[in-house]
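Asks: Take a look at this one; I'll ask things after.
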Amino acid sequence: MARPLRFRYSPARWSEQRVRQEILGPLRSNIGARAAAPRFDIGADWETHRFEMQNGDLALFARNGEEAYWMGNTETPSSLWKTDKFGWKDVPYHVARWNQRELLATLHETDPWLADYPYLSWFFLPVFMSKDGRDSTRAFFREHAAGFPDAGRREATRYFENFLETGVLDDYRPTMAGKLGTSNHVDRVRMSAAMGEFIAAKILTDAGYEVTPEIEVTTGHSLDYRAEDEETNRLVEVTRPQPPANRAAAGPVAAVRDTAETKTDGQLAEHGGGAVLFVDCSSFRDDAWAAVRGEQPDLRHRPAVVYRARPDGYVEGYRKGSVPLEFGDAIEFFDSS
């Protein structure tokens, strides 16, 4: 499975003739490539090329006489096989900006409805335009409301657009966008679990905490977040039970207990305690959540917060144990803690 889009760097001189011989020629022979006019100017002293394939693939190439950068969701020409790969922040500004503008324009041409969500389009661009995941990741938002049940694509996408445009995860875009994956089919359970981490970050941010994802701990693995303010520094691990209809265990209460137990016996047991467990039930429909709300099942791990978010921003839940985080209006609790 291909990874999210990254740049290939060639520390060599590329002429127009070499581009035609070593890039366009092989791509034309193998997958029917054609040279198309770039849609945007790059500025500075760079020359740019856009290659469009008959199968819908796209490749972009920028050169300045001393070095060159390639990005594409297609096969890589053999002349670039041994080149190093770089992230978006590790290439010259003009190159990154030009590639971004070209890819966003193509994305919105293919899926025009995403143009209403410019920040989400930008944030997930490395997977929305990836080689294997470009159809599945867009379909997850378009056809599955990003994991929210009983919701339309626009209200669900607007929820994540409003959060992402705060910029709190901008510095972690490569890691966080990559969590959605680049599988060539929609894995709703896994993708919904990935979006559960974004919901958790929104809750913590709304509660006034600064969030840092992927915190490495001494046991050799990572927990999802560190939540910090002037008085607090806590680790948070997120888990998302599958909706009861999608799992073998009987009923939503069992789903919550079993999923939390799996996490408790795994990462949290190795960590040795201290982390707050977030159990995100946002994939549950109203009736399933009503059962959890009524019973408020106990969990083996404490402290824990069990909650369900809706795309209108409303979150409700309950706590188990002494939770060392203050949530204000971010969660409406119905427990007696």
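Naming scheme: A, B, ... for chains in displayed order of the structure tokens; residues 1 onward per chain; ligands 1 onward as shown.
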Can you tell me, as a list in words, what residues are no more than 10 Å from Lys202 of chain A when counting only C-alpha atoms, ignoring any on the same chain fewer than 6 positions away?

Replies: Tyr159, Phe160, Asn162, Phe163, Leu164, Thr166, Val168, Leu169, Gly196, Gly208, Tyr209, Val211, Gly313 and Ala330 of chain A

Asks: Would you write out those residues with C-alpha atoms, as an mmCIF file, in the first residue's frame?

Replies:
data_model
loop_
_atom_site.group_PDB
_atom_site.id
_atom_site.type_symbol
_atom_site.label_atom_id
_atom_site.label_comp_id
_atom_site.auth_asym_id
_atom_site.auth_seq_id
_atom_site.Cartn_x
_atom_site.Cartn_y
_atom_site.Cartn_z
ATOM 1 C CA TYR A 159 -17.552 19.490 12.008
ATOM 2 C CA PHE A 160 -13.998 18.528 11.093
ATOM 3 C CA ASN A 162 -14.367 23.884 11.853
ATOM 4 C CA PHE A 163 -11.902 22.086 14.096
ATOM 5 C CA LEU A 164 -9.035 21.796 11.620
ATOM 6 C CA THR A 166 -8.201 26.336 14.245
ATOM 7 C CA VAL A 168 -3.969 23.277 16.380
ATOM 8 C CA LEU A 169 -2.890 20.175 14.440
ATOM 9 C CA GLY A 196 -12.003 9.434 16.766
ATOM 10 C CA GLY A 208 -8.631 24.683 26.960
ATOM 11 C CA TYR A 209 -5.757 22.237 26.639
ATOM 12 C CA VAL A 211 -2.589 18.938 22.531
ATOM 13 C CA GLY A 313 -20.687 19.826 18.280
ATOM 14 C CA ALA A 330 -16.702 20.611 26.091
#

Asks: Quick one: pick out all alpha helix (DSSP H) residues within segment 97-233 of chain A from a backbone DSSP run and write them as a PyMOL selection string.

Replies: chain A and resi 97-110+118-123+125-128+134-144+153-164+173-178+188-206

Asks: Fewer than 4 positions away in the same chain doesn't count, so skip those; otherwise give me all residues within 7 Å of segment 125-133 of chain A, counting only C-alpha atoms, as number ranges by chain.

Replies: A: 1-2, 4-5, 73-74, 121, 137-138, 177-178, 181-184

Asks: Tell me, in Å to one decimal, how far atom CA of Glu22 of chain A is from atom CA of Leu80 of chain A.

Replies: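 Those two atoms sit 9.0 Å apart.
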
Asks: Work out how far apart atom CA of Tyr117 of chain A and atom CA of Arg142 of chain A are and give it in Å to one decimal.

Replies: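 So the answer is 12.1 Å.
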
Asks: Would you kindly return, as a list in words, each protein, DNA or RNA residue with an atom no farther than 8 Å from any atom of Phe141 of chain A, considering only C-alpha atoms and excluding same-chain residues fewer than 5 positions away?

Replies: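 What passes the distance filter is Ala146, Gly147, Arg153, Ala156 and Thr157 of chain A.
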
Asks: Could you check which of A:Asp287, A:Glu295, A:Asp84, A:Glu228 is closest to Ala254 of chain A, using only C-alpha atoms?

Replies: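 Among the listed residues, the smallest separation from Ala254 of chain A belongs to A:Glu295.
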
Asks: Under the rule that only C-alpha atoms are counted, which of A:Met53, A:Ala12, A:Val236, A:Ala255 is the nearest residue to Pro26 of chain A?

Replies: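 Distance minimum relative to Pro26 of chain A lands on A:Met53.
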
Asks: Give me the residues of segment 176-289 of chain A that have any atom at most 6 Å from an atom of segment 300-307 of chain A; for each, the nearest atom pair and the distance in Å, rounded to one decimal. Use only C-alpha atoms, sort by chain and number, and format it as a Markdown table.

Replies:
| residue | atom | partner | partner_atom | distance |
| --- | --- | --- | --- | --- |
| A:Thr264 | CA | A:His301 | CA | 5.9 |
| A:Val276 | CA | A:Pro303 | CA | 5.3 |
| A:Leu277 | CA | A:Ala304 | CA | 4.5 |
| A:Phe278 | CA | A:Val305 | CA | 5.0 |
| A:Val279 | CA | A:Val306 | CA | 4.6 |
| A:Asp280 | CA | A:Tyr307 | CA | 5.4 |
| A:Cys281 | CA | A:Tyr307 | CA | 5.8 |

Asks: Next, dump the selected residues to file, keeping only N, CA and C atoms, as a tab-separated table (two decimals), in the first residue's frame.

Replies:
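Saved result, selection-v3.tsv, follows:
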chain	number	residue	atom	x	y	z
A	264	THR	N	-6.90	-1.67	27.83
A	264	THR	CA	-6.32	-1.75	29.18
A	264	THR	C	-5.27	-2.86	29.25
A	276	VAL	N	-5.20	8.88	30.92
A	276	VAL	CA	-6.66	8.94	30.90
A	276	VAL	C	-7.14	8.22	29.65
A	277	LEU	N	-8.08	7.29	29.82
A	277	LEU	CA	-8.63	6.56	28.69
A	277	LEU	C	-9.89	7.27	28.19
A	278	PHE	N	-9.90	7.63	26.91
A	278	PHE	CA	-11.07	8.20	26.26
A	278	PHE	C	-11.75	7.08	25.46
A	279	VAL	N	-13.00	6.79	25.76
A	279	VAL	CA	-13.77	5.79	25.01
A	279	VAL	C	-14.79	6.54	24.17
A	280	ASP	N	-14.53	6.62	22.88
A	280	ASP	CA	-15.32	7.43	21.96
A	280	ASP	C	-16.41	6.58	21.31
A	281	CYS	N	-17.66	6.84	21.68
A	281	CYS	CA	-18.80	6.10	21.15
A	281	CYS	C	-19.52	6.86	20.05

Asks: Looking at A:Ala227, A:Phe123, A:His221, A:Ile199, which one is nearest to Thr175 of chain A, with distances taken over only C-alpha atoms?

Replies: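 Answer, going by the shortest atom-to-atom distance: A:Phe123.
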
Asks: Could you work out how far atom CA of Glu214 of chain A lies from atom CA of Val189 of chain A, giving the answer in Å with one decimal?

Replies: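 Separation between atom CA of Val189 of chain A and atom CA of Glu214 of chain A: 20.5 Å.
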